[in-house]
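Q: Input structure: target_39.pdb, which contains PDB, C-alpha atoms.
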```
ATOM      1  CA  PRO A 546       2.218  -6.337  -0.957  1.00  0.00           C
ATOM      2  CA  ALA A 547      -1.056  -4.790   0.138  1.00  0.00           C
ATOM      3  CA  ILE A 548      -2.677  -3.964   3.465  1.00  0.00           C
ATOM      4  CA  GLU A 549      -5.204  -6.698   4.192  1.00  0.00           C
ATOM      5  CA  HIS A 550      -6.775  -8.991   6.810  1.00  0.00           C
ATOM      6  CA  LEU A 551      -6.491  -6.384   9.603  1.00  0.00           C
ATOM      7  CA  ALA A 552     -10.029  -7.094  10.764  1.00  0.00           C
ATOM      8  CA  VAL A 553      -8.630 -10.123  12.604  1.00  0.00           C
ATOM      9  CA  THR A 554      -6.950  -7.717  15.075  1.00  0.00           C
ATOM     10  CA  ARG A 555     -10.451  -6.889  16.388  1.00  0.00           C
ATOM     11  CA  ASP A 556      -9.382  -3.315  17.137  1.00  0.00           C
ATOM     12  CA  GLN A 557      -7.128  -4.360  20.018  1.00  0.00           C
ATOM     13  CA  PHE A 558      -4.095  -2.199  19.200  1.00  0.00           C
ATOM     14  CA  ASP A 559      -3.167   1.433  19.754  1.00  0.00           C
ATOM     15  CA  ALA A 560      -0.246   1.232  17.316  1.00  0.00           C
ATOM     16  CA  MET A 561       0.779  -0.764  14.236  1.00  0.00           C
ATOM     17  CA  ASP A 562       4.149  -0.957  12.507  1.00  0.00           C
ATOM     18  CA  PHE A 563       4.427  -1.811   8.786  1.00  0.00           C
ATOM     19  CA  THR A 564       8.104  -0.902   8.363  1.00  0.00           C
ATOM     20  CA  ASP A 565      10.004  -2.497   5.433  1.00  0.00           C
ATOM     21  CA  ASN A 566       7.089  -4.144   3.610  1.00  0.00           C
ATOM     22  CA  ARG A 567       7.222  -2.538   0.125  1.00  0.00           C
ATOM     23  CA  ILE A 568       3.662  -1.231   0.528  1.00  0.00           C
ATOM     24  CA  THR A 569       2.759   1.200  -2.272  1.00  0.00           C
ATOM     25  CA  ARG A 570      -0.459   2.793  -0.974  1.00  0.00           C
ATOM     26  CA  ILE A 571      -2.142   3.348   2.387  1.00  0.00           C
ATOM     27  CA  GLU A 572      -5.636   1.918   1.996  1.00  0.00           C
ATOM     28  CA  ASN A 573      -7.988  -0.937   2.859  1.00  0.00           C
ATOM     29  CA  PHE A 574      -8.148  -0.380   6.630  1.00  0.00           C
ATOM     30  CA  PRO A 575     -11.171  -1.801   8.439  1.00  0.00           C
ATOM     31  CA  LYS A 576     -12.855   0.202  11.203  1.00  0.00           C
ATOM     32  CA  LEU A 577     -10.225   0.618  13.944  1.00  0.00           C
ATOM     33  CA  GLN A 578     -11.426   3.113  16.534  1.00  0.00           C
ATOM     34  CA  ARG A 579      -8.605   2.426  18.960  1.00  0.00           C
ATOM     35  CA  LEU A 580      -5.705   2.801  16.532  1.00  0.00           C
ATOM     36  CA  CYS A 581      -3.880   6.106  17.000  1.00  0.00           C
ATOM     37  CA  SER A 582      -0.358   5.450  15.701  1.00  0.00           C
ATOM     38  CA  LEU A 583       0.867   4.058  12.358  1.00  0.00           C
ATOM     39  CA  THR A 584       4.423   3.513  11.146  1.00  0.00           C
ATOM     40  CA  PHE A 585       5.107   2.900   7.450  1.00  0.00           C
ATOM     41  CA  ALA A 586       8.822   3.717   7.383  1.00  0.00           C
ATOM     42  CA  ASN A 587      10.927   2.443   4.471  1.00  0.00           C
ATOM     43  CA  ASN A 588       8.174   1.236   2.179  1.00  0.00           C
ATOM     44  CA  VAL A 589       7.477   2.493  -1.363  1.00  0.00           C
ATOM     45  CA  ILE A 590       4.296   4.439  -0.595  1.00  0.00           C
ATOM     46  CA  GLU A 591       3.261   7.004  -3.205  1.00  0.00           C
ATOM     47  CA  SER A 592      -0.328   7.795  -2.184  1.00  0.00           C
ATOM     48  CA  VAL A 593      -3.008   7.418   0.460  1.00  0.00           C
ATOM     49  CA  ASP A 594      -6.739   6.714   0.383  1.00  0.00           C
ATOM     50  CA  GLU A 595      -8.007   9.682   2.395  1.00  0.00           C
ATOM     51  CA  LYS A 596     -11.618   8.449   2.362  1.00  0.00           C
ATOM     52  CA  ASN A 597     -10.605   5.124   3.893  1.00  0.00           C
ATOM     53  CA  LEU A 598      -8.529   6.855   6.583  1.00  0.00           C
ATOM     54  CA  LYS A 599     -11.267   9.347   7.439  1.00  0.00           C
ATOM     55  CA  ARG A 600     -13.950   6.678   7.640  1.00  0.00           C
ATOM     56  CA  ASN A 601     -12.070   3.907   9.422  1.00  0.00           C
ATOM     57  CA  LEU A 602      -9.206   5.475  11.414  1.00  0.00           C
ATOM     58  CA  PRO A 603     -10.933   8.444  13.074  1.00  0.00           C
ATOM     59  CA  ASN A 604      -8.466   8.710  15.978  1.00  0.00           C
ATOM     60  CA  LEU A 605      -5.172   8.491  14.102  1.00  0.00           C
ATOM     61  CA  ALA A 606      -2.789  10.966  15.744  1.00  0.00           C
ATOM     62  CA  HIS A 607       0.693   9.808  14.756  1.00  0.00           C
ATOM     63  CA  LEU A 608       1.815   8.858  11.239  1.00  0.00           C
ATOM     64  CA  ASN A 609       5.388   7.962  10.276  1.00  0.00           C
ATOM     65  CA  LEU A 610       5.952   7.833   6.501  1.00  0.00           C
ATOM     66  CA  ALA A 611       9.712   8.343   6.554  1.00  0.00           C
ATOM     67  CA  GLY A 612      11.688   6.856   3.671  1.00  0.00           C
ATOM     68  CA  ASN A 613       8.887   6.404   1.137  1.00  0.00           C
ATOM     69  CA  GLN A 614       8.206   7.649  -2.415  1.00  0.00           C
ATOM     70  CA  ILE A 615       5.670  10.446  -1.857  1.00  0.00           C
ATOM     71  CA  SER A 616       6.494  13.200  -4.333  1.00  0.00           C
ATOM     72  CA  GLY A 617       3.269  15.195  -4.776  1.00  0.00           C
ATOM     73  CA  LEU A 618       1.956  17.915  -2.492  1.00  0.00           C
ATOM     74  CA  HIS A 619      -1.548  16.668  -3.324  1.00  0.00           C
ATOM     75  CA  VAL A 620      -0.765  13.608  -1.185  1.00  0.00           C
ATOM     76  CA  VAL A 621      -0.080  15.947   1.735  1.00  0.00           C
ATOM     77  CA  GLY A 622      -3.553  17.392   1.139  1.00  0.00           C
ATOM     78  CA  SER A 623      -5.001  13.880   1.151  1.00  0.00           C
ATOM     79  CA  ILE A 624      -3.362  13.177   4.503  1.00  0.00           C
ATOM     80  CA  GLY A 625      -4.915  16.351   5.887  1.00  0.00           C
ATOM     81  CA  GLU A 626      -8.364  15.385   4.606  1.00  0.00           C
ATOM     82  CA  GLY A 627      -8.129  11.842   5.949  1.00  0.00           C
ATOM     83  CA  CYS A 628      -6.569  12.529   9.353  1.00  0.00           C
ATOM     84  CA  ALA A 629      -8.479  15.233  11.215  1.00  0.00           C
ATOM     85  CA  LYS A 630      -6.765  14.478  14.552  1.00  0.00           C
ATOM     86  CA  LEU A 631      -3.213  14.013  13.273  1.00  0.00           C
ATOM     87  CA  GLU A 632      -0.654  15.552  15.647  1.00  0.00           C
ATOM     88  CA  THR A 633       2.683  14.207  14.423  1.00  0.00           C
ATOM     89  CA  LEU A 634       3.729  13.456  10.851  1.00  0.00           C
ATOM     90  CA  SER A 635       7.058  12.418   9.402  1.00  0.00           C
ATOM     91  CA  LEU A 636       7.767  12.565   5.684  1.00  0.00           C
ATOM     92  CA  VAL A 637      11.553  12.620   6.058  1.00  0.00           C
ATOM     93  CA  GLY A 638      13.257  10.954   3.111  1.00  0.00           C
ATOM     94  CA  ASN A 639      10.341  11.473   0.691  1.00  0.00           C
ATOM     95  CA  PRO A 640      10.884  13.490  -2.523  1.00  0.00           C
ATOM     96  CA  VAL A 641       8.031  15.825  -1.558  1.00  0.00           C
ATOM     97  CA  THR A 642      10.137  17.359   1.234  1.00  0.00           C
ATOM     98  CA  LYS A 643      12.322  18.981  -1.436  1.00  0.00           C
ATOM     99  CA  ARG A 644       9.378  20.832  -2.969  1.00  0.00           C
ATOM    100  CA  GLN A 645       9.236  24.607  -2.550  1.00  0.00           C
ATOM    101  CA  HIS A 646       7.074  25.669   0.426  1.00  0.00           C
ATOM    102  CA  TYR A 647       6.671  22.015   1.461  1.00  0.00           C
ATOM    103  CA  ARG A 648       6.740  22.648   5.196  1.00  0.00           C
ATOM    104  CA  LEU A 649       4.451  25.694   5.149  1.00  0.00           C
ATOM    105  CA  TYR A 650       2.029  23.964   2.776  1.00  0.00           C
ATOM    106  CA  THR A 651       1.884  20.899   5.014  1.00  0.00           C
ATOM    107  CA  ILE A 652       1.315  22.948   8.163  1.00  0.00           C
ATOM    108  CA  ASN A 653      -1.603  24.711   6.483  1.00  0.00           C
ATOM    109  CA  LYS A 654      -3.135  21.561   4.986  1.00  0.00           C
ATOM    110  CA  VAL A 655      -2.898  19.551   8.213  1.00  0.00           C
ATOM    111  CA  PRO A 656      -3.951  22.170  10.786  1.00  0.00           C
ATOM    112  CA  SER A 657      -4.071  19.698  13.679  1.00  0.00           C
ATOM    113  CA  LEU A 658      -0.311  19.028  13.397  1.00  0.00           C
ATOM    114  CA  LYS A 659       1.929  19.815  16.345  1.00  0.00           C
ATOM    115  CA  VAL A 660       5.126  18.173  15.096  1.00  0.00           C
ATOM    116  CA  LEU A 661       6.293  17.842  11.478  1.00  0.00           C
ATOM    117  CA  ASP A 662       9.395  15.835  10.582  1.00  0.00           C
ATOM    118  CA  PHE A 663      10.404  15.679  14.260  1.00  0.00           C
ATOM    119  CA  MET A 664      10.329  19.480  14.577  1.00  0.00           C
ATOM    120  CA  LYS A 665       7.740  21.244  16.714  1.00  0.00           C
ATOM    121  CA  ILE A 666       5.519  23.685  14.829  1.00  0.00           C
ATOM    122  CA  LYS A 667       5.689  27.139  16.387  1.00  0.00           C
ATOM    123  CA  GLY A 668       2.999  29.793  16.340  1.00  0.00           C
ATOM    124  CA  ALA A 669       5.021  32.094  14.113  1.00  0.00           C
ATOM    125  CA  GLU A 670       5.509  29.303  11.584  1.00  0.00           C
ATOM    126  CA  ARG A 671       1.802  28.519  11.573  1.00  0.00           C
ATOM    127  CA  ALA A 672       0.970  32.178  10.959  1.00  0.00           C
ATOM    128  CA  LYS A 673       3.468  32.269   8.101  1.00  0.00           C
ATOM    129  CA  ALA A 674       1.815  29.200   6.555  1.00  0.00           C
ATOM    130  CA  GLN A 675      -1.576  30.916   6.708  1.00  0.00           C
ATOM    131  CA  ARG A 676      -0.184  34.055   5.046  1.00  0.00           C
ATOM    132  CA  LEU A 677       1.281  31.955   2.247  1.00  0.00           C
ATOM    133  CA  ALA A 678      -2.039  30.214   1.659  1.00  0.00           C
ATOM    134  CA  MET A 679      -3.822  33.593   1.366  1.00  0.00           C
ATOM    135  CA  SER A 680      -1.223  35.130  -0.958  1.00  0.00           C
ATOM    136  CA  SER A 681      -1.079  35.068  -4.760  1.00  0.00           C
ATOM    137  CA  ALA A 682       1.925  32.749  -4.507  1.00  0.00           C
ATOM    138  CA  GLY A 683      -0.148  30.392  -2.382  1.00  0.00           C
ATOM    139  CA  ALA A 684      -3.019  30.483  -4.869  1.00  0.00           C
ATOM    140  CA  ALA A 685      -0.629  29.670  -7.716  1.00  0.00           C
ATOM    141  CA  LEU A 686       0.852  26.818  -5.689  1.00  0.00           C
ATOM    142  CA  GLU A 687      -2.605  25.424  -4.953  1.00  0.00           C
ATOM    143  CA  GLY A 688      -3.447  25.564  -8.656  1.00  0.00           C
ATOM    144  CA  ASP A 689      -0.330  23.547  -9.467  1.00  0.00           C
ATOM    145  CA  VAL A 690      -1.225  21.018  -6.792  1.00  0.00           C
ATOM    146  CA  GLN A 691      -4.725  20.569  -8.220  1.00  0.00           C
ATOM    147  CA  VAL A 692      -3.268  19.883 -11.664  1.00  0.00           C
ATOM    148  CA  GLU A 693      -0.890  17.416 -10.054  1.00  0.00           C
ATOM    149  CA  ALA A 694      -3.795  15.667  -8.341  1.00  0.00           C
ATOM    150  CA  ARG A 695      -5.745  15.308 -11.595  1.00  0.00           C
ATOM    151  CA  GLU A 696      -2.713  13.861 -13.382  1.00  0.00           C
ATOM    152  CA  ALA A 697      -2.178  11.387 -10.557  1.00  0.00           C
ATOM    153  CA  ALA A 698      -5.837  10.350 -10.740  1.00  0.00           C
ATOM    154  CA  LYS A 699      -5.508   9.685 -14.465  1.00  0.00           C
ATOM    155  CA  ASN A 700      -2.454   7.527 -13.899  1.00  0.00           C
ATOM    156  CA  THR A 701      -4.264   5.586 -11.190  1.00  0.00           C
ATOM    157  CA  THR A 702      -7.201   4.749 -13.461  1.00  0.00           C
ATOM    158  CA  THR A 703      -4.933   3.552 -16.255  1.00  0.00           C
ATOM    159  CA  LYS A 704      -3.049   1.166 -13.985  1.00  0.00           C
ATOM    160  CA  THR A 705      -4.567  -1.917 -12.400  1.00  0.00           C
ATOM    161  CA  PHE A 706      -3.082  -3.384  -9.263  1.00  0.00           C
ATOM    162  CA  THR A 707      -3.560  -6.873  -7.909  1.00  0.00           C
ATOM    163  CA  PRO A 708      -2.576  -7.216  -4.238  1.00  0.00           C
ATOM    164  CA  GLY A 709       0.557  -9.327  -3.932  1.00  0.00           C
ATOM    165  CA  GLU A 710       1.322  -9.255  -7.647  1.00  0.00           C
ATOM    166  CA  GLY A 711       4.613  -7.769  -8.841  1.00  0.00           C
ATOM    167  CA  GLN A 712       5.170  -6.046 -12.173  1.00  0.00           C
ATOM    168  CA  SER A 713       6.918  -9.220 -13.307  1.00  0.00           C
ATOM    169  CA  ALA A 714       7.551 -12.725 -12.040  1.00  0.00           C
ATOM    170  CA  LYS A 715      11.135 -11.698 -11.261  1.00  0.00           C
ATOM    171  CA  GLU A 716      10.093  -8.712  -9.121  1.00  0.00           C
ATOM    172  CA  SER A 717       7.389 -10.699  -7.355  1.00  0.00           C
ATOM    173  CA  PHE A 718       9.921 -13.471  -6.652  1.00  0.00           C
ATOM    174  CA  VAL A 719      12.232 -10.975  -4.936  1.00  0.00           C
ATOM    175  CA  VAL A 720       9.529  -9.229  -2.915  1.00  0.00           C
ATOM    176  CA  ASN A 721       6.931 -11.800  -1.894  1.00  0.00           C
ATOM    177  CA  PHE A 722       8.768 -14.934  -0.798  1.00  0.00           C
ATOM    178  CA  THR A 723      11.018 -16.026   2.045  1.00  0.00           C
ATOM    179  CA  LYS A 724      14.528 -17.385   1.509  1.00  0.00           C
ATOM    180  CA  GLU A 725      13.293 -20.957   1.996  1.00  0.00           C
ATOM    181  CA  GLN A 726      10.392 -20.484  -0.431  1.00  0.00           C
ATOM    182  CA  LYS A 727      12.717 -19.014  -3.061  1.00  0.00           C
ATOM    183  CA  LEU A 728      14.934 -22.097  -2.817  1.00  0.00           C
ATOM    184  CA  GLN A 729      11.915 -24.401  -3.164  1.00  0.00           C
ATOM    185  CA  ILE A 730      10.673 -22.479  -6.211  1.00  0.00           C
ATOM    186  CA  LYS A 731      14.102 -22.727  -7.858  1.00  0.00           C
ATOM    187  CA  ASN A 732      14.099 -26.484  -7.258  1.00  0.00           C
ATOM    188  CA  MET A 733      10.584 -26.779  -8.714  1.00  0.00           C
ATOM    189  CA  ILE A 734      11.696 -25.046 -11.904  1.00  0.00           C
ATOM    190  CA  ALA A 735      14.880 -27.124 -12.107  1.00  0.00           C
ATOM    191  CA  ASN A 736      12.894 -30.360 -11.752  1.00  0.00           C
ATOM    192  CA  ALA A 737       9.989 -29.358 -14.002  1.00  0.00           C
ATOM    193  CA  GLN A 738       9.020 -32.014 -16.518  1.00  0.00           C
ATOM    194  CA  SER A 739       7.690 -29.698 -19.223  1.00  0.00           C
ATOM    195  CA  PRO A 740       7.584 -26.057 -20.401  1.00  0.00           C
ATOM    196  CA  ALA A 741       3.929 -25.983 -19.346  1.00  0.00           C
ATOM    197  CA  GLU A 742       4.876 -26.809 -15.766  1.00  0.00           C
ATOM    198  CA  ILE A 743       7.496 -24.030 -15.724  1.00  0.00           C
ATOM    199  CA  GLU A 744       4.921 -21.586 -17.076  1.00  0.00           C
ATOM    200  CA  ARG A 745       2.453 -22.602 -14.369  1.00  0.00           C
ATOM    201  CA  ILE A 746       5.072 -21.997 -11.660  1.00  0.00           C
ATOM    202  CA  GLU A 747       5.969 -18.588 -13.097  1.00  0.00           C
ATOM    203  CA  GLU A 748       2.311 -17.548 -13.242  1.00  0.00           C
ATOM    204  CA  CYS A 749       1.875 -18.431  -9.576  1.00  0.00           C
ATOM    205  CA  VAL A 750       5.000 -16.459  -8.661  1.00  0.00           C
ATOM    206  CA  LYS A 751       3.814 -13.445 -10.651  1.00  0.00           C
ATOM    207  CA  ARG A 752       0.544 -13.450  -8.681  1.00  0.00           C
ATOM    208  CA  GLY A 753       2.507 -13.603  -5.433  1.00  0.00           C
ATOM    209  CA  GLU A 754       1.303 -17.136  -4.709  1.00  0.00           C
ATOM    210  CA  PHE A 755       3.561 -19.983  -3.653  1.00  0.00           C
ATOM    211  CA  PRO A 756       3.183 -22.655  -6.374  1.00  0.00           C
ATOM    212  CA  GLY A 757       2.016 -26.134  -5.400  1.00  0.00           C
ATOM    213  CA  THR A 758       3.706 -29.204  -6.768  1.00  0.00           C
ATOM    214  CA  MET A 759       2.859 -30.572 -10.177  1.00  0.00           C
ATOM    215  CA  ALA A 760       1.365 -33.564  -8.414  1.00  0.00           C
ATOM    216  CA  ASP A 761      -1.151 -31.248  -6.767  1.00  0.00           C
ATOM    217  CA  ALA A 762      -2.064 -29.829 -10.161  1.00  0.00           C
ATOM    218  CA  VAL A 763      -2.411 -33.330 -11.624  1.00  0.00           C
ATOM    219  CA  ASP A 764      -4.596 -34.455  -8.697  1.00  0.00           C
ATOM    220  CA  GLU A 765      -6.780 -31.380  -9.104  1.00  0.00           C
ATOM    221  CA  HIS A 766      -7.118 -32.010 -12.842  1.00  0.00           C
ATOM    222  CA  SER A 767      -7.862 -35.687 -12.173  1.00  0.00           C
ATOM    223  CA  ASN A 768     -10.577 -34.792  -9.661  1.00  0.00           C
ATOM    224  CA  GLU A 769     -12.155 -32.403 -12.150  1.00  0.00           C
ATOM    225  CA  SER A 770     -12.054 -35.107 -14.846  1.00  0.00           C
ATOM    226  CA  ASN A 771     -13.632 -37.682 -12.524  1.00  0.00           C
ATOM    227  CA  GLN A 772     -16.395 -35.236 -11.660  1.00  0.00           C
ATOM    228  CA  ASP A 773     -17.059 -34.657 -15.367  1.00  0.00           C
ATOM    229  CA  VAL A 774     -17.229 -38.423 -16.034  1.00  0.00           C
ATOM    230  CA  SER A 775     -19.549 -38.913 -13.056  1.00  0.00           C
ATOM    231  CA  THR A 776     -21.823 -36.148 -14.304  1.00  0.00           C
ATOM    232  CA  LYS A 777     -21.954 -37.656 -17.808  1.00  0.00           C
ATOM    233  CA  ARG A 778     -22.832 -41.094 -16.369  1.00  0.00           C
ATOM    234  CA  GLN A 779     -25.669 -39.602 -14.369  1.00  0.00           C
ATOM    235  CA  ARG A 780     -27.024 -37.918 -17.475  1.00  0.00           C
ATOM    236  CA  THR A 781     -26.868 -41.105 -19.593  1.00  0.00           C
ATOM    237  CA  SER A 782     -28.544 -43.184 -16.876  1.00  0.00           C
TER     238      SER A 782
END
```
For the structure just supplied, provide its representation as structure tokens.
A:
Amino acid sequence: PAIEHLAVTRDQFDAMDFTDNRITRIENFPKLQRLCSLTFANNVIESVDEKNLKRNLPNLAHLNLAGNQISGLHVVGSIGEGCAKLETLSLVGNPVTKRQHYRLYTINKVPSLKVLDFMKIKGAERAKAQRLAMSSAGAALEGDVQVEAREAAKNTTTKTFTPGEGQSAKESFVVNFTKEQKLQIKNMIANAQSPAEIERIEECVKRGEFPGTMADAVDEHSNESNQDVSTKRQRTS
């Protein structure tokens, strides 16, 4: 699933909650001046589009990313670049929190932060983060993070992602449909009249689209055929 169609909110909300949606990347936000709080707990987020956040969510102050899949410190840097007014951030339950110097690195990269992982940032801790950044150890860490960022960028360019489409029909079936829709899809496959019809249903599921009935497909094909015949008649006359 992808973030989309938020323009219909017409910038009427201070906060939005996307908990438990299997979102993989924070991106595609329209201009939302009023929005100041976002919750993405328990998704599968690995990265963020810092340019989109900086351009379209200028007043974001609270970001909850607990229970996601962020593993790279370069993503922390992206959050800092995209969220100039961020005051509270939670990355609890993400692999990145186990990285050496994670907390100090985050405090330095997101200087506007007041609370990280539900713990208030104290002056002494902020000073320690600055000392780390200026040290040889901090320089080495930053070099590793830059390499990490380049590798992540390469992986992103080699993979294409279609919003709503799973890696397979099976995964998309699990993620994108309600219990009632799943039952209807199973019945469609069970009552399919040909391998071609089953293939059509599976292709729709893989794209994250609920398949129409075969009758709909036949009607659509019939309409196209009638249009072709009509066009040919006009040409011959």
Q: Any idea what the distance is between atom CA of Phe722 of chain A and atom CA of Thr569 of chain A?
A: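 Distance reported for this atom pair: 17.3 Å.
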Q: Taking all atoms listed in the file into account, which of A:Asn604, A:Gln726, A:Ser616, A:Ser680 comes nearest Gln645 of chain A?
A: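 Between A:Asn604, A:Gln726, A:Ser616, A:Ser680, the residue approaching Gln645 of chain A most closely is A:Ser616.
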Q: Return the padded bounding box of segment 669-680 of chain A as JSON: axis-aligned, built from all atoms listed in the file, 5 Å added on each side, with centre and edge lengths in Å to one decimal.
A:
```
{"center_x": 0.8, "center_y": 31.8, "center_z": 6.6, "size_x": 19.3, "size_y": 16.6, "size_z": 25.1}
```
Q: Taking (-2.2, 14.7, 4.8) in the coordinates of the supplied file, I want to know which residues reach to within 12 Å of it, counting all atoms listed in the file; could you give the answer as an NGL selection string?
A: :A and (571 or 592-596 or 598-599 or 605-610 or 615 or 617-636 or 647-648 or 650-658 or 661)
Q: How far is it from atom CA of Met561 of chain A to atom CA of Met664 of chain A, in Å with one decimal?
A: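 The value is 22.4 Å.
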